[in-house]
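Visitor: Have a look at this one.
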Amino acid sequence: MEEHDTIEESSVRLVGSSGSGSDSRWVDGAELDLESLSLSLLTGNEGREGYGSMRRRLVKKPKRVDSLDGEAMEIAGAHGHHSKDQTMWHTIALAFQTLGVVYGDMGTSPLYVFSDVFSKVSIESDVDILGALSLVMYTIALLPLAKYVFVVLKANDNGEGGTFALYSLICRYANVNLLPNRQAADEYISSFRLKLPTPELERALNIKETLERRSSLKTLLLLLVLMGTSMIIGDGILTPAISVMSATSGLKGEIEGFGTSAVVIISIFMLVALFSIQQFGTGKVGFMFAPVLALWFFSLGSIGIYNLVKHDITVLRALNPAYIYFFFKKNSKDAWSALGGCVLCITGAEAMFADLGHFSVRAIQIAFTCVVFPCLLLAYMGQAAYLMKHPDSAERIFYDSVPDALFWPVFVIATLAAMIASQAMISATFSCVKQSMALGCFPRLKIIHTSRRQMGQIYIPVMNWFLMIMCILVVAIFQSTTDIANAYGIAEVGVMIVSTTLVTLVMLLIWQTNLFLAVFFPLVFGSVELIYLSAVLSKIKEGGWLPLAFAACFLSVMYTWNYGSVLKYRSEVRGKISMDLMHELGLTLGTERVPGIGLLYNELVQGIPSSFGQFLLGLPAIHSTIVFVCIKYVPVPVVPKEERFLFRRLCPKDYHMFRCVARYGYKDVRKEDHRAFEQLLAESLEKFLRKEALDLALEGSMNELDFDSVSLLRSRNSGPPPAGGGNGDLRIPLMHDQRLEEAGTSTSEEAASALPSGLMSLDEDPSLEYELSALREAMDSGFTYMLAHGEVRAKKNSFFFKKLVINYFYGFLRRNCRAGAANMRVPHMNIIRVGMTYMV
C-alpha cells in the first residue's frame with residue numbers, strides 16, 4: 001500500500017466569494033489561475049510535499065464556501081484563538097492565573113529541596129551550603145529561565161505547548177505521521193502557517209526527506225514523543241503526592257505525637273479534596289488558587305529577605321559559580337548524589353510549556369520573570385543564610401527558618417500552596433491526553449470543556465480519578481518524601497530531555513536556525529540535563545523505578561493504540577470497494593433508493609469504504625443521498641470554522657453520493673448536537689452544489705483531469721437522467737420525485753416543470769434545481785447514521801506477539817474506550833450498525 005493516499009474524487013475549484021464571484025486574486029498579492037491551482041491540488045509531488053511548490057505554499061487561499069462547522073461555533077473565540085493576549089490587562093489577568101495553575105509546583109519546591117540535598121551531603125563547612133545554593137540558583141536560571149522562557153515557549157504550535165504540540169508542528173512540515181491520511185488540500189488551512197524560506201532551506205529539506213524516507217526514524221520520533229508524554233502523566237501522579245506530604249510533614253515537629261501515619265492520613269484527605277474540585281475547570285480553579293499562590297510567593301520572598309538580613313547576607317557569594325566546583329571537589333561522589341535533590345528545584349518547569357494552551361506565552365513569561373524567579377531566589381538564599389548559623393536544621397529547614405510568630409499562618413499558606421502545586425501537572429496531564437487522543441495515540445475518553453472563552457481548559461473525568469487513586473497509593477506505600485523525591489527527579493529530567501530533542505529538530509527543520517545556534521542549544525541544555533539524569537538514575541532502587549514503571553505502562557497503551565489504529569486504517573484502505581463493484585452490487589441485489597440522507601462514518605479520506613458494501617449486502621434499500629463522513633485530525637491546534645469541512649462528489653452525479661472530510665485540530669472542541677450538525681451539513685451541501693454549478697458554468701471549456709469531473713460535465717450537459725428505469729437501480733437520480741414515476745414522465749423538461757415554482761430560476765441550471773429539490777426532500781425524510789462496529793484481528797500467519805497485542809490488548813482498549821456514537825449523541829433509533837472484522 002502506498003504510504004501517501006491521494007484524492008480520487010474531483011475537488012471542485014471555488015472562486016472568490018466577494019464581488020462578482022469570478023475574482024481569483026489572492027490576498028497577499030500572488031496570483032494563480034484556477035487551472036494551475038487544480039493541477040497543484042490533484043498532482044502534488046509526494047516526495048516534496050509541503051516544500052515542493054514554494055509559491056503554492058506561501059499563498060493564502062480565499063475562504064472556502066464548501067465548509068461548515070457545527071461544533072466550534074459553540075465556543076466563543078474558537079476562530080480567534082490566537083487573539084487571547086491582545087490587551088495588556090487581559091495578559092496581566094492571565095499572568096495572575098498562571099500563579100495558581102502553572103507555577104504552584106515550582107513554587108513549593110523550597111519545602112523540600114535543601115532537606116533532600118543535605119540528606120546526601122552533610123554540612124561540614126560554608127562550602128557545602130554555598131555550593132548547594134549556587135547549584136540551585138544556576139539550575140533555575142539555566143533551565144526554566146533561559147531554556148523554557150526564552151526558547152522553548154517560542155516553539156509553540158499556534159499557541160499550544162507540550163510534546164505533542166511539538167510533534168504536530170514537525171508533522172506539518174514533514175510527513176512523518178504514521179497514519180497515512182494526509183491530503184494536499186490540508187496545506188491550505190490558514191493555521192498551517194508554514195515558514196518563509198531562508199538560506200538554510202536546503203538543509204531543512206534534506207532533514208525532511210530523510211525523516212520521510214526512513215520509517216524507522218518515524219517510529220523512533222513517535223516513541224520519543226510518547227515517552228515524553230508518559231513522563232508528564234507520571235509527573236501528574238508524583239507531584240500531588242510529594243507536595244502535599246511535604247507541607248503536612250511540618251506538623252511533625254510542632255505537635256507532640258504527630259507521626260508518619262498521621263501525615264499520610266491527612267495527605268490522603270487533602271488529595272481527595274484536590275481532585276474533587278477539578279470538575280469546576282482550570283479557569284475557576286486558577287482564579288481561586290492564584291491569590292493563595294500570590295500570597296505564598298510574597299511570603300517566600302519576605303521570609304527570604306528576613307533571613308538574609310538577620311543571619312548571614314554573605315551567602316550572596318554563591319552568585320560566584322566557582323562554589324559549584326568547590327562543592328564537587330570537596331564532596332565528590334556525595335555531591336553527585338545530591339544532584340538528585342537539586343533537580344527538585346525545577347520540578348514543574350515542563351508545566352510552563354505543557355500548560356501553554358490554557359494561557360499565553362506572554363502571560364507565562366511575565367509571571368515567571370517578575371514574580372516566580374526573584375521570589376524563589378530570595379527563598380533559597382534565606383534558607384542558606386539560616387543554615388550558616390544553624391546547620392543542624394537541614395532536615396526541617398523551611399519551617400525552622402520561618403519566624404516563630406508566623407509559623408501557623410505560613411503553615412496554612414504552605415499547605416494550601418502544596419495542594420495548588422499539584423494543579424500544574426494535573427492540567428498538563430489533561431492537555432497531553434487531549435492532544436494524544438486527537439493525534440490517534442490514546443483511547444477515546446470523555447472530555448468536558450469547562451470554559452467558553454479559553455478552549456484549552458478541559459477536564460477528563462477518567463484521568464482525574466485515575467490520578468487520584470495512583471496518588472493515594474503512592475502516599476500510602478512510600479510514606480516518605482525522600483523516596484518520592486528520588487522517583488520525581490527521573491520523570492522531570494526525562495521530560496526535559498525529550499523537549500530539548502524535539503525543539504532542536506524544530507530549530508533545524510522549521511525555524512531553519514543558523515547551524516551554530518542549533519547545535520549550541522542541545523549542547524548546553526542537553527549536557528546539563530544528561531548530568532542530572534545520570535544522578536537521578538542512580539536512585540532507581542530507592543524509588544526511581546516508579547516513574548519508569550508509570551512511563552512504561554502509558555507508553556504501552558499509547559503505542560498499542562496508535563499501532564492498532566494505523567493497521568486498521570491500512571486494512572480499510574486495502575478493502576476499498578471499486579465503483580464497478582458497487583454498481584454491480586446495486587444491480588444484482590436490486591437495492592432500492594428511499595428518501596432520506598445516510599451519513600456513513602468512516603476513516604478514509606478517499607475511496608469507498610468496505611463497510612458500505614456490507615450495508616448494500618445487508619439492507620434492501622439505501623438512502624437517496626449518501627454522505628461519507630470522515631472525521632480527520634490535522635496537525636494544527638485549531639481549524640478555522642470556515643475551513644472545517646471539504647465536500648467532494650464521490651461518484652457521477654446520478655449516484656448522489658458525496659464525501660465530507662471534517663477536519664479538526666487537536667484542540668478543537670467537538671460538542672456535537674446532532675440536529676444542529678444535520679442542519680448545517682445540509683446547508684453546506686446545498687452551498688457546495690450551487691458553487692459547483694457556478695464553477696462548471698464559468699469553466700465549461702476547461703479540460704477536467706479525472707473521471708469524476710468528466711462525469712460532472714456530462715451530467716450537467718444532459719440534464720436529469722430518465723426516471724423510468726425503476727427504483728432499484730443506483731443510477732436513478734437520488735432524489736427523483738415519486739410523482740414523476742407514477743405519471744411515467746421521463747424528459748428533463750417535464751421533470752423541471754414538476755418542481756416547486758419557487759425553486760426555479762431562468763438563469764440557473766435545471767439539473768441543479770432538480771438536485772436541490774431532491775436534497776430538500778431527503779432532508780424532510782430525516783438523517784440516518786450508518787456506523788461500522790469493527791473488530792480488529794491479527795491475521796492467522798502473524799507472529800505470536802502481534803496476535804497478543806492486537807487480539808487482546810488493543811481489542812480490550814477498543815471495547816472499553818468511548819464509542820463514536822456516544823461522542824455524536826445520536827438517538828439509537830437513528831443509528832444503523834454493521835459488523836466488520838478487519839484482518840491486519
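Chain labels A, B, ... are given in the sequence in which chains occur in the C-alpha cells; within each chain residues are numbered consecutively from 1, and ligands are likewise numbered from 1 in the order shown.
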Might you pull out every residue within 7 Å of segment 99-102 of chain A, with only C-alpha atoms counted and same-chain residues fewer than 6 positions away left off, and present them as a list in words?

Guide: Gly286, Phe289, Ala290, Leu293, Ala294, Ala351, Met352, Asp355, Ile420, Gln423 and Ala424 of chain A

Visitor: If we count only C-alpha atoms, what is near Ala414 of chain A at a cut-off of 12 Å, once residues fewer than 3 positions away on the same chain are taken out, given as a PyMOL selection string?

Guide: chain A and resi 104-105+107-112+243-251+292-300+398-399+402+406-411+417-421

Visitor: Okay, now the selection with N, CA and C atoms, as a short mmCIF file (atom, residue, chain, number, x, y, z; two decimals), in the first residue's frame?

Guide:
```cif
data_model
loop_
_atom_site.label_atom_id
_atom_site.label_comp_id
_atom_site.auth_asym_id
_atom_site.auth_seq_id
_atom_site.Cartn_x
_atom_site.Cartn_y
_atom_site.Cartn_z
N GLY A 104 2.59 26.54 40.69
CA GLY A 104 2.42 26.02 42.03
C GLY A 104 3.47 24.97 42.38
N ASP A 105 3.79 24.10 41.45
CA ASP A 105 4.76 23.03 41.71
C ASP A 105 6.14 23.60 41.97
N GLY A 107 6.83 26.59 42.81
CA GLY A 107 6.78 27.50 43.95
C GLY A 107 6.88 26.79 45.29
N THR A 108 6.45 25.54 45.37
CA THR A 108 6.52 24.81 46.63
C THR A 108 7.80 24.00 46.78
N SER A 109 8.69 24.07 45.80
CA SER A 109 9.95 23.30 45.90
C SER A 109 10.82 23.72 47.09
N PRO A 110 10.79 24.98 47.59
CA PRO A 110 11.59 25.29 48.79
C PRO A 110 11.20 24.48 50.01
N LEU A 111 10.05 23.80 49.97
CA LEU A 111 9.65 22.96 51.09
C LEU A 111 10.58 21.77 51.28
N TYR A 112 11.19 21.28 50.20
CA TYR A 112 11.89 20.01 50.30
C TYR A 112 13.25 19.94 49.61
N SER A 243 4.16 17.08 47.07
CA SER A 243 3.84 18.44 47.51
C SER A 243 3.00 18.42 48.78
N VAL A 244 1.95 17.62 48.79
CA VAL A 244 1.05 17.57 49.94
C VAL A 244 1.77 16.98 51.15
N MET A 245 2.54 15.92 50.97
CA MET A 245 3.24 15.31 52.10
C MET A 245 4.30 16.26 52.68
N SER A 246 4.96 17.03 51.81
CA SER A 246 5.98 17.96 52.30
C SER A 246 5.36 19.04 53.17
N ALA A 247 4.17 19.49 52.81
CA ALA A 247 3.52 20.54 53.59
C ALA A 247 3.06 20.01 54.94
N THR A 248 2.39 18.86 54.95
CA THR A 248 1.84 18.34 56.20
C THR A 248 2.93 17.82 57.14
N SER A 249 4.09 17.47 56.59
CA SER A 249 5.16 16.95 57.45
C SER A 249 5.69 18.01 58.41
N GLY A 250 5.36 19.29 58.17
CA GLY A 250 5.79 20.34 59.07
C GLY A 250 5.19 20.23 60.46
N LEU A 251 4.08 19.50 60.57
CA LEU A 251 3.43 19.34 61.87
C LEU A 251 4.15 18.35 62.77
N VAL A 292 -3.94 32.72 46.57
CA VAL A 292 -3.18 31.97 47.58
C VAL A 292 -1.72 31.87 47.18
N LEU A 293 -1.47 31.53 45.90
CA LEU A 293 -0.08 31.41 45.43
C LEU A 293 0.61 32.76 45.40
N ALA A 294 -0.12 33.81 45.09
CA ALA A 294 0.49 35.14 45.13
C ALA A 294 0.95 35.46 46.56
N LEU A 295 0.09 35.13 47.53
CA LEU A 295 0.47 35.33 48.93
C LEU A 295 1.64 34.43 49.32
N TRP A 296 1.65 33.22 48.75
CA TRP A 296 2.75 32.28 49.03
C TRP A 296 4.08 32.82 48.51
N PHE A 297 4.09 33.29 47.28
CA PHE A 297 5.34 33.83 46.73
C PHE A 297 5.78 35.08 47.50
N PHE A 298 4.81 35.89 47.92
CA PHE A 298 5.16 37.06 48.73
C PHE A 298 5.78 36.61 50.06
N SER A 299 5.24 35.55 50.65
CA SER A 299 5.78 35.03 51.90
C SER A 299 7.20 34.50 51.70
N LEU A 300 7.41 33.77 50.60
CA LEU A 300 8.74 33.24 50.32
C LEU A 300 9.77 34.37 50.22
N PHE A 398 12.86 24.50 56.00
CA PHE A 398 11.86 25.51 55.63
C PHE A 398 11.11 26.01 56.87
N TYR A 399 10.54 25.11 57.64
CA TYR A 399 9.73 25.54 58.78
C TYR A 399 10.60 26.11 59.90
N VAL A 402 11.30 29.81 59.37
CA VAL A 402 10.17 30.72 59.49
C VAL A 402 10.14 31.29 60.91
N LEU A 406 5.14 33.55 63.00
CA LEU A 406 4.48 33.37 61.70
C LEU A 406 4.30 31.91 61.32
N PHE A 407 4.64 30.98 62.23
CA PHE A 407 4.64 29.57 61.83
C PHE A 407 3.26 29.12 61.35
N TRP A 408 2.22 29.32 62.15
CA TRP A 408 0.91 28.79 61.77
C TRP A 408 0.31 29.47 60.54
N PRO A 409 0.41 30.79 60.40
CA PRO A 409 -0.06 31.38 59.14
C PRO A 409 0.70 30.83 57.92
N VAL A 410 2.02 30.71 58.06
CA VAL A 410 2.81 30.19 56.94
C VAL A 410 2.48 28.72 56.69
N PHE A 411 2.24 27.96 57.76
CA PHE A 411 1.87 26.55 57.57
C PHE A 411 0.57 26.41 56.78
N ALA A 417 -0.80 25.97 49.35
CA ALA A 417 0.07 26.07 48.18
C ALA A 417 0.49 24.70 47.68
N ALA A 418 0.70 23.76 48.62
CA ALA A 418 1.08 22.40 48.21
C ALA A 418 -0.04 21.72 47.46
N MET A 419 -1.27 21.94 47.90
CA MET A 419 -2.41 21.39 47.16
C MET A 419 -2.50 22.02 45.77
N ILE A 420 -2.28 23.32 45.74
CA ILE A 420 -2.36 24.04 44.47
C ILE A 420 -1.22 23.63 43.54
N ALA A 421 -0.07 23.29 44.14
CA ALA A 421 1.09 22.92 43.32
C ALA A 421 0.76 21.76 42.40
#
```

Visitor: Show which residues sit within 12 Å of Ile92 of chain A, as a PyMOL selection string. Count only C-alpha atoms, and ignore same-chain residues fewer than 2 positions away.

Guide: chain A and resi 84-90+94-99+359-367+370

Visitor: May I ask for the distance between atom CA of Leu416 of chain A and atom CA of His390 of chain A, given in Å to one decimal place?

Guide: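 Going from atom CA of Leu416 of chain A over to atom CA of His390 of chain A covers 27.5 Å.
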
Visitor: Env of Gly340 of chain A: 6 Å cut, atoms = only C-alpha atoms, seq-sep filter 2 positions within chain, self excluded. Answer as a ChimeraX atom specification.

Guide: /A:337-338,342-343,535-536

Visitor: Could you write those residues out with N, CA, C and O atoms, as a JSON list (two decimals), in the first residue's frame?

Guide:
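Result file part.json:
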```json
[["chain", "number", "residue", "atom", "x", "y", "z"],
["A", 337, "SER", "N", 25.46, 12.53, 44.10],
["A", 337, "SER", "CA", 24.18, 12.02, 44.58],
["A", 337, "SER", "C", 23.24, 13.16, 44.96],
["A", 337, "SER", "O", 22.02, 13.05, 44.78],
["A", 338, "ALA", "N", 23.79, 14.26, 45.47],
["A", 338, "ALA", "CA", 22.97, 15.39, 45.88],
["A", 338, "ALA", "C", 22.31, 16.10, 44.71],
["A", 338, "ALA", "O", 21.35, 16.86, 44.89],
["A", 342, "CYS", "N", 18.87, 18.42, 44.09],
["A", 342, "CYS", "CA", 18.95, 19.76, 43.50],
["A", 342, "CYS", "C", 17.97, 19.93, 42.34],
["A", 342, "CYS", "O", 17.40, 21.00, 42.14],
["A", 343, "VAL", "N", 17.78, 18.86, 41.58],
["A", 343, "VAL", "CA", 16.91, 18.95, 40.40],
["A", 343, "VAL", "C", 15.46, 19.20, 40.81],
["A", 343, "VAL", "O", 14.64, 19.65, 39.99],
["A", 535, "ALA", "N", 22.56, 11.41, 37.58],
["A", 535, "ALA", "CA", 22.48, 11.44, 39.04],
["A", 535, "ALA", "C", 21.19, 10.80, 39.54],
["A", 535, "ALA", "O", 21.21, 10.01, 40.50],
["A", 536, "VAL", "N", 20.07, 11.11, 38.89],
["A", 536, "VAL", "CA", 18.79, 10.58, 39.39],
["A", 536, "VAL", "C", 18.63, 9.10, 39.05],
["A", 536, "VAL", "O", 17.93, 8.37, 39.77]]
```

Visitor: Using only C-alpha atoms, which protein or nucleic acid residues come within 9 Å of segment 132-138 of chain A? Drop anything in the same chain fewer than 3 positions from it, and give the result as a ChimeraX atom specification.

Guide: /A:113-114,117-118,127-129,141-143,315,317-324,327,335,338-339,342-343,345-346,376-377,380-381,384

Visitor: Which residues, written as a list in words, have at least one atom at most 12 Å from Leu508 of chain A, with only C-alpha atoms counted and residues fewer than 4 positions away on the same chain left out?

Guide: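 Near neighbours after the sequence-gap exclusion: Ala155, Ile170, Tyr173, Thr198, Glu200, Leu201, Glu202, Arg203, Ala204, Leu205, Asn206, Ile207, Lys208, Thr501, Leu502, Val503, Thr504, Gln512, Thr513, Asn514, Leu515, Phe516, Leu517, Ala518, Val519, Phe520, Phe521 and Pro522 of chain A.
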
Visitor: With only C-alpha atoms as the basis for distance, which of A:Val474, A:Gln278, A:Asn486, A:Ile255 is at the shortest distance from Lys541 of chain A?

Guide: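 Residue with the minimum atom-to-atom distance to Lys541 of chain A: A:Asn486.
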
Visitor: Please report the interatomic distance between atom CA of Leu567 of chain A and atom CA of Phe809 of chain A in Å with one decimal.

Guide: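 Between atom CA of Leu567 of chain A and atom CA of Phe809 of chain A the gap is 14.2 Å.
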
Visitor: Write out as a tab-separated table a residue-level contact list of segment 185-237 of chain A versus segment 431-450 of chain A with cut-off 10 Å: for each qualifying residue the closest pair of atoms and the distance in Å to one decimal, counting only C-alpha atoms, rows sorted by chain and residue number upward.

Guide:
```
residue	atom	partner	partner_atom	distance
A:Leu222	CA	A:Cys441	CA	9.5
A:Val225	CA	A:Ser436	CA	9.8
A:Leu226	CA	A:Cys441	CA	8.2
A:Gly228	CA	A:Cys432	CA	9.9
A:Thr229	CA	A:Cys432	CA	6.6
A:Ser230	CA	A:Cys432	CA	9.1
A:Ile232	CA	A:Cys432	CA	8.0
A:Ile233	CA	A:Cys432	CA	8.0
```

Visitor: Can I get the selection written as a PDB file, in the first residue's frame, with C-alpha atoms?

Guide:
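Output (selection32.pdb):
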```pdb
ATOM      1  CA  LEU A 222       6.823   8.808  17.755  1.00  0.00           C
ATOM      2  CA  VAL A 225       7.072  11.833  21.890  1.00  0.00           C
ATOM      3  CA  LEU A 226       5.095   9.099  23.610  1.00  0.00           C
ATOM      4  CA  GLY A 228       7.797  12.388  26.982  1.00  0.00           C
ATOM      5  CA  THR A 229       4.016  12.367  27.303  1.00  0.00           C
ATOM      6  CA  SER A 230       4.157   9.308  29.553  1.00  0.00           C
ATOM      7  CA  ILE A 232       4.321  14.115  32.063  1.00  0.00           C
ATOM      8  CA  ILE A 233       1.457  11.863  33.128  1.00  0.00           C
TER       9      ILE A 233
END
```

Visitor: Pick out the closest residue to Val176 of chain A from this set: A:Val152, A:Thr210, A:Leu681, A:Tyr386. Count only C-alpha atoms.

Guide: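 Of all the options, A:Thr210 lies closest to Val176 of chain A.
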
Visitor: Quick one: residues within 8 Å of Asn602 of chain A, only C-alpha atoms counted, chain neighbours fewer than 5 positions away excluded, as a ChimeraX atom specification?

Guide: /A:609,628-631,787-788

Visitor: Provide the atom CA of Trp465 of chain A to atom CA of Lys539 of chain A distance in Å, to one decimal place.

Guide: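 According to the coordinates, atom CA of Trp465 of chain A and atom CA of Lys539 of chain A are separated by 28.7 Å.
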
Visitor: Quick check for you: according to DSSP on this backbone, which residues of segment 549-659 of chain A are classed as strand (DSSP E)? Reply as a PyMOL selection string.

Guide: chain A and resi 592-602+621-633+645-649+657-659

Visitor: Going by DSSP on the backbone, which bits of segment 486-680 of chain A are helix (DSSP H, G or I)? Write them as an MDAnalysis selection string, please.

Guide: chainID A and resid 486:511 515:537 540:542 545:574 579:589 610:618 641:643 653:655 674:680

Visitor: Compare A:Thr560, A:Ser480, A:Gln614, A:Ser401 by their minimum atom-to-atom distance to Ile806 of chain A, counting only C-alpha atoms, and give me the closest one.

Guide: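 Among A:Thr560, A:Ser480, A:Gln614, A:Ser401, it is A:Thr560 that comes nearest to Ile806 of chain A.
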